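To start, the structure under review is shown below, and the notes come after it.
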Amino acid sequence: MSLNRDGIEIIQNYRQRAASLLLYQSVFTSDIGRSLLALLETFTTEDPISCSQAYGHWFSALATHQQSWQQHLTAQILVTDNAFSQQAQHLPHSITADTLTERISPSILAAAEHDFAILHDFHQLSAEQISQWLGELSSSSAPPSTAKTPNPRWLSVAEAATHYRTHGVGIFGQFIAFRWQNNPDRSSNQIGAQLIGIPTPDPIQLSQLVAYDHPKQQLIQNTESLLRGYTAQNVLLYGSRGAGKSSLVKALLNEYKDKGLRLIEVPKSHLQNLPQIIGPLSHVPQKFIIFVDDLSFEEDDEAFKSLKVVLEGGVTARPQNVVVYATSNRRHLVREFFDDRPKPKDADEIQSWDTVQEKLSFSDRFGLTLTFTPADQSTYLTIVRQLATQAGLTLEAENLDWRARQWATRHNGRSGRTARQFVDFLTAEQGD
């Protein structure tokens, strides 16, 4: 069997129009997009076996991502990085949505409108239609199509531009949190190939963090300065373990993600890559927190020198849309040994103290140091009570306090982390 002439012409038209995209070719570079184009090409051979195999690849890709073709196409359009989306994301928020496209270069706007007309046709292409073509070609019943799900309505060019301005493009429009890992391909200098997006970042909210109101408010104020375009301070969050230092940084991301805040977690072992990470960030409108958790250094640690350059500034200035937030349990970040100190016989040599002073003063290179003191019993119980209220627990106050004290004694001592673990335990207990 073979497809009728009208079917072949329609398929050839789809292939031709996909090839004529000017800016949005990348929407077909995903596994779903590539498998669809391969399927359309295979249809023109009219080989039932090859077509069935190609359809299987496309069906499997959609099923793996749990998306309809229309959902996937819309998602790809909204994160694409091209000349149109780049111009749109840099437009001021003071411009109304109605006049947004008037600020785009006319030639770029015309190319975007050309591509959107083509992509609208692909949005209209249903899985049922493709399944029907395969059934006609193989002279059998049409194979199952992907599960029917509510398809997103089609976007206008102006709506897409508004999305790019609000949420960003490329990897920074797709994710809000990132982890840095070395690019195995040393020939590539693209930051997108080296930053890994985190699909499900920690959902902790500021409202869930109890106590330490003063350092929390200072960090919020500094972050809001960053978001308003002012030069914000690099911050060291220092204090006892379990006080919620890391959680506070993550909660800031959830609070301000819709205002363009992004977080990049950099392990201490990769601090030597900081110039590579930070440099390209100055070219995008989002604001970035470089997050270094549990920071400390050993003697002659190369990471110490790398972070020092970023904090103090080298020949290239730190971008105004980037700050470093680091947490540590140690006030002096570089481990110091008594052997580092000059011997009495060297007391007249002033330079012998230079290394010691550099180590002790490293934390001073952060513009703002926030201290999280150990929780006393009153603070600990206050945290427990508020977390219990948020969790909807129904224990009597006296019983709650008694059990909270017992939990702290038998586990990790009094801290915000211990309080959270205790309330999680009670929540599970009451749920049984």
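Identifiers in the structure tokens: chain A, B, ... in order shown; residue index from 1 per chain; ligand index from 1 in order shown.
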- [ ] List the neighbours of A:Leu261 out to 12 Å using only C-alpha atoms; skip same-chain residues closer than 2 positions along the sequence, and give me the result as a ChimeraX atom specification.
- [x] /A:166-168,172-173,175-178,223-229,249-259,263-264,284-290,321-323
Open item on the list: Excluding stretch 47-56 of chain A and its own-chain neighbours fewer than 4 positions away, which residues fall within 12 Å of it when counting only C-alpha atoms? Please give them as a PyMOL selection string.
Closed with: chain A and resi 1-3+32+34-43+60-64+127-128+130-140+142-146
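Among the candidate residues A:Ile196, A:Ile118, A:Ala158, A:Leu109, the one lying nearest to A:Leu21 is A:Ile118, with distances computed using only C-alpha atoms.
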TODO: Assign secondary structure with DSSP using the backbone only, and return the residues of stretch 27-162 of chain A in alpha helix (DSSP H) as a ChimeraX atom specification.
DONE: /A:31-43,48-65,69-79,83-89,106-124,127-138,157-162
TODO: Can you pull out every residue within 8 Å of stretch 378-395 of chain A, counting only C-alpha atoms, but drop anything in the same chain fewer than 3 positions away, and send it as number ranges by chain?
DONE: A: 208, 210-211, 375, 399-401, 404-405, 414-416, 419-420, 422-423, 426-427, 430
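Separating atom CA of A:Trp154 from atom CA of A:Thr200 is a distance of 26.8 Å.
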Task: Nearest to A:Ala161, chosen from A:Asp6, A:Glu398, A:Asp121, A:Asp98, with only C-alpha atoms counted in the distances - done: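 Result for the nearest residue to A:Ala161: A:Asp98.
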Do a neighbour search on A:Asn329 at 9 Å with only C-alpha atoms, toss out local chain neighbours closer than 2 positions, and write the hits as a CSV table (one decimal) with C-alpha atoms, in the first residue's frame.
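part-v2.csv, written as the output of this step:
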chain,number,residue,atom,x,y,z
A,237,LEU,CA,26.9,33.2,56.2
A,238,TYR,CA,28.8,32.0,59.2
A,239,GLY,CA,27.6,30.1,62.2
A,240,SER,CA,26.7,26.8,63.9
A,241,ARG,CA,25.6,23.8,61.9
A,294,ASP,CA,30.3,24.7,53.6
A,295,LEU,CA,33.3,26.8,52.6
A,296,SER,CA,36.7,26.2,54.1
A,327,THR,CA,28.2,29.4,54.0
A,331,ARG,CA,34.7,32.2,61.1
A,333,LEU,CA,37.9,30.1,56.5
